[in-house]
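Colleague: Take a look at protein.csv, CSV, C-alpha atoms:
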chain,number,residue,atom,x,y,z
A,1,MET,CA,112.7,103.5,89.3
A,2,THR,CA,110.6,106.5,90.0
A,3,MET,CA,112.0,109.6,91.7
A,4,ARG,CA,109.8,109.1,94.7
A,5,ARG,CA,110.8,105.5,95.1
A,6,LEU,CA,114.5,106.4,94.7
A,7,LEU,CA,114.1,109.1,97.4
A,8,TRP,CA,112.4,106.6,99.7
A,9,VAL,CA,115.1,104.0,99.3
A,10,ALA,CA,117.8,106.7,99.9
A,11,ALA,CA,116.1,107.8,103.1
A,12,LEU,CA,115.7,104.2,104.3
A,13,ILE,CA,119.4,103.6,103.6
A,14,VAL,CA,120.5,106.7,105.5
A,15,TRP,CA,118.2,105.8,108.4
A,16,VAL,CA,119.5,102.2,108.6
A,17,LEU,CA,123.2,103.3,108.5
A,18,SER,CA,122.7,106.1,111.1
A,19,PRO,CA,123.9,105.3,114.6
A,20,GLY,CA,121.2,103.4,116.5
A,21,GLY,CA,118.9,103.6,113.5
A,22,ALA,CA,118.1,99.9,113.1
A,23,ALA,CA,118.6,98.9,116.7
A,24,ALA,CA,115.7,100.8,118.2
A,25,ASP,CA,112.0,100.6,117.5
A,26,GLU,CA,111.2,102.4,114.3
A,27,PRO,CA,108.8,105.4,114.5
A,28,ALA,CA,106.5,103.7,112.1
A,29,GLN,CA,103.3,105.8,112.7
A,30,ALA,CA,105.2,109.1,112.3
A,31,PHE,CA,106.9,107.9,109.2
A,32,LEU,CA,103.7,106.7,107.6
A,33,GLU,CA,101.9,109.9,108.4
A,34,GLY,CA,104.8,111.9,106.9
A,35,LEU,CA,104.4,109.9,103.7
A,36,ARG,CA,100.7,110.4,103.5
A,37,GLU,CA,101.0,114.1,104.3
A,38,ARG,CA,103.3,114.4,101.2
A,39,ASN,CA,100.8,112.4,99.1
A,40,TYR,CA,103.2,109.5,98.7
A,41,PHE,CA,100.4,107.0,99.0
A,42,ASP,CA,102.1,104.3,96.8
A,43,ILE,CA,105.3,104.5,98.9
A,44,ALA,CA,103.2,104.4,102.1
A,45,LEU,CA,101.6,101.2,100.8
A,46,ASP,CA,105.0,99.7,100.0
A,47,TYR,CA,106.2,100.7,103.5
A,48,LEU,CA,103.2,99.0,105.1
A,49,ALA,CA,103.8,95.8,103.2
A,50,SER,CA,107.5,95.7,104.3
A,51,ALA,CA,106.5,96.7,107.9
A,52,GLU,CA,104.7,93.4,108.4
A,53,LYS,CA,108.0,91.5,108.3
A,54,ASN,CA,110.3,94.1,109.9
A,55,PRO,CA,111.4,93.2,113.4
A,56,ALA,CA,112.1,96.9,114.2
A,57,ILE,CA,108.4,97.7,113.8
A,58,PRO,CA,106.5,97.6,117.2
A,59,ASP,CA,103.9,94.9,117.5
A,60,SER,CA,101.3,97.6,118.4
A,61,PHE,CA,101.8,99.1,115.0
A,62,LYS,CA,101.7,95.8,113.2
A,63,GLU,CA,98.3,95.2,114.7
A,64,THR,CA,97.0,98.2,112.9
A,65,ILE,CA,98.6,97.6,109.5
A,66,LEU,CA,95.3,96.6,107.8
A,67,TYR,CA,93.6,99.7,109.1
A,68,GLU,CA,96.5,101.9,108.0
A,69,LYS,CA,96.5,100.3,104.6
A,70,GLY,CA,92.7,100.9,104.2
A,71,THR,CA,93.1,104.5,105.3
A,72,THR,CA,96.0,105.0,102.9
A,73,LEU,CA,94.0,103.6,100.0
A,74,VAL,CA,91.0,105.9,100.8
A,75,GLN,CA,93.2,109.0,101.1
A,76,GLY,CA,95.1,108.1,97.9
A,77,ALA,CA,91.8,107.6,96.1
A,78,LYS,CA,91.0,111.3,96.7
A,79,PHE,CA,93.8,112.2,94.4
A,80,GLN,CA,93.2,109.6,91.7
A,81,ARG,CA,92.0,111.2,88.5
A,82,ASP,CA,91.0,108.1,86.7
A,83,SER,CA,87.6,107.1,88.0
A,84,ALA,CA,88.0,103.4,87.3
A,85,LEU,CA,91.3,103.3,89.2
A,86,ARG,CA,89.7,105.4,92.0
A,87,GLU,CA,86.8,102.9,92.3
A,88,GLN,CA,89.3,100.0,92.3
A,89,GLN,CA,91.3,101.6,95.1
A,90,LEU,CA,88.1,102.3,97.1
A,91,ASP,CA,86.9,98.7,96.6
A,92,GLU,CA,90.3,97.4,97.9
A,93,ALA,CA,90.2,99.8,100.8
A,94,GLN,CA,86.7,98.5,101.7
A,95,LYS,CA,87.9,94.9,101.6
A,96,VAL,CA,91.0,95.6,103.7
A,97,LEU,CA,89.1,97.6,106.3
A,98,GLN,CA,86.5,94.8,106.5
A,99,GLU,CA,89.3,92.4,107.1
A,100,PHE,CA,90.6,94.6,109.9
A,101,ILE,CA,87.2,94.8,111.5
A,102,SER,CA,86.8,91.1,111.3
A,103,ALA,CA,90.2,90.4,112.8
A,104,LYS,CA,89.9,93.0,115.6
A,105,PRO,CA,86.2,93.5,116.5
A,106,GLU,CA,87.0,94.6,120.1
A,107,THR,CA,89.0,97.6,118.8
A,108,CYS,CA,86.6,98.7,116.2
A,109,THR,CA,83.7,100.4,117.8
A,110,PRO,CA,82.0,103.0,115.6
A,111,ARG,CA,83.3,105.8,117.9
A,112,GLN,CA,86.9,104.6,117.7
A,113,LEU,CA,86.7,104.2,113.9
A,114,ALA,CA,85.2,107.7,113.5
A,115,ALA,CA,87.9,109.2,115.7
A,116,ARG,CA,90.7,107.4,113.7
A,117,LEU,CA,89.2,108.5,110.3
A,118,ALA,CA,88.9,112.1,111.5
A,119,THR,CA,92.7,112.4,112.1
Can you dump the structure from the file as structure tokens?
Modeller:
Amino acid sequence: MTMRRLLWVAALIVWVLSPGGAAADEPAQAFLEGLRERNYFDIALDYLASAEKNPAIPDSFKETILYEKGTTLVQGAKFQRDSALREQQLDEAQKVLQEFISAKPETCTPRQLAARLAT
């Protein structure tokens, strides 16, 4: 187990065991952004995968998981030194973002997408 993954698991355990931790809605967006700010893109992708089945995650966040996954893949690709892996990551991001657009066309105007990508 890598050190990052170990730290993530430890943080998750502390959060779940804290008073009121698992009972309230999880601050999913803030947690995800914190992971990405620290360049923990692999852990952010794991978090997004687990968030789909987590009842503590708000439905409003679950509706954007595909978008967040695509964004995380793009951001992570910036730091990938191996060009083949970077291309693979960007290809996967493109597929995921296309899937998001197909599933939610009403929320994917070019202006909204540009605003999201700028953040």
Colleague: What separation in Å, quoted to one decimal, exists between atom CA of A:Val96 and atom CA of A:Gln29?
Modeller: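 Taking atom CA of A:Val96 as the start and atom CA of A:Gln29 as the end point, the length is 18.3 Å.
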Colleague: Can you tell me, as a short mmCIF file (atom, residue, chain, number, x, y, z; two decimals) with C-alpha atoms, keeping the file's coordinate frame, what residues are no more than 9 Å from A:Glu99 when counting only C-alpha atoms, ignoring any on the same chain fewer than 5 positions away?
Modeller:
data_model
loop_
_atom_site.label_atom_id
_atom_site.label_comp_id
_atom_site.auth_asym_id
_atom_site.auth_seq_id
_atom_site.Cartn_x
_atom_site.Cartn_y
_atom_site.Cartn_z
CA LEU A 66 95.30 96.60 107.80
CA TYR A 67 93.60 99.70 109.10
CA GLN A 94 86.70 98.50 101.70
CA LYS A 104 89.90 93.00 115.60
#
Colleague: Between atom CA of A:Ala49 and atom CA of A:Asp82, what is the distance, to one decimal in Å?
Modeller: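 For atom CA of A:Ala49 relative to atom CA of A:Asp82, the distance reads 24.2 Å.
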Colleague: Can you pull out every residue within 9 Å of A:Ile43, counting all atoms listed in the file, but drop anything in the same chain fewer than 5 positions away, and send it as a JSON list (two decimals) with C-alpha atoms, in the frame of the given file?
Modeller:
[["chain", "number", "residue", "atom", "x", "y", "z"],
["A", 4, "ARG", "CA", 109.80, 109.10, 94.70],
["A", 5, "ARG", "CA", 110.80, 105.50, 95.10],
["A", 8, "TRP", "CA", 112.40, 106.60, 99.70],
["A", 35, "LEU", "CA", 104.40, 109.90, 103.70],
["A", 36, "ARG", "CA", 100.70, 110.40, 103.50],
["A", 48, "LEU", "CA", 103.20, 99.00, 105.10]]
Colleague: Please, what distance in Å, to one decimal, runs between atom CA of A:Leu32 and atom CA of A:Glu68?
Modeller: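 These atoms are spaced 8.7 Å apart.
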Colleague: Could you check which of A:Ser83, A:Gln89, A:Gln98, A:Gln75 is closest to A:Phe41, using all atoms listed in the file?
Modeller: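 Smallest separation from A:Phe41 among the options: A:Gln75.
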Colleague: So, counting all atoms listed in the file, which residue among A:Arg86, A:Arg81, A:Lys69, A:Lys62 is closest to A:Asp46?
Modeller: A:Lys69
Colleague: I'd like the contact shell of A:Phe61 - 9 Å cut-off, only C-alpha atoms, skipping same-chain residues fewer than 2 positions apart - returned as a list in words.
Modeller: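 Skipping anything fewer than 2 positions along the chain leaves Ala28, Gln29, Ala51, Ile57, Pro58, Asp59, Glu63, Thr64 and Ile65 of chain A.
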Colleague: Keeping only C-alpha atoms, write those residues as a compact mmCIF listing (two decimals), keeping the file's coordinate frame.
Modeller:
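Writing the result to selection_24.txt gives the following:
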# COMPACT_ATOMS: atom_id res chain seq x y z
CA ALA A 28 106.50 103.70 112.10
CA GLN A 29 103.30 105.80 112.70
CA ALA A 51 106.50 96.70 107.90
CA ILE A 57 108.40 97.70 113.80
CA PRO A 58 106.50 97.60 117.20
CA ASP A 59 103.90 94.90 117.50
CA GLU A 63 98.30 95.20 114.70
CA THR A 64 97.00 98.20 112.90
CA ILE A 65 98.60 97.60 109.50
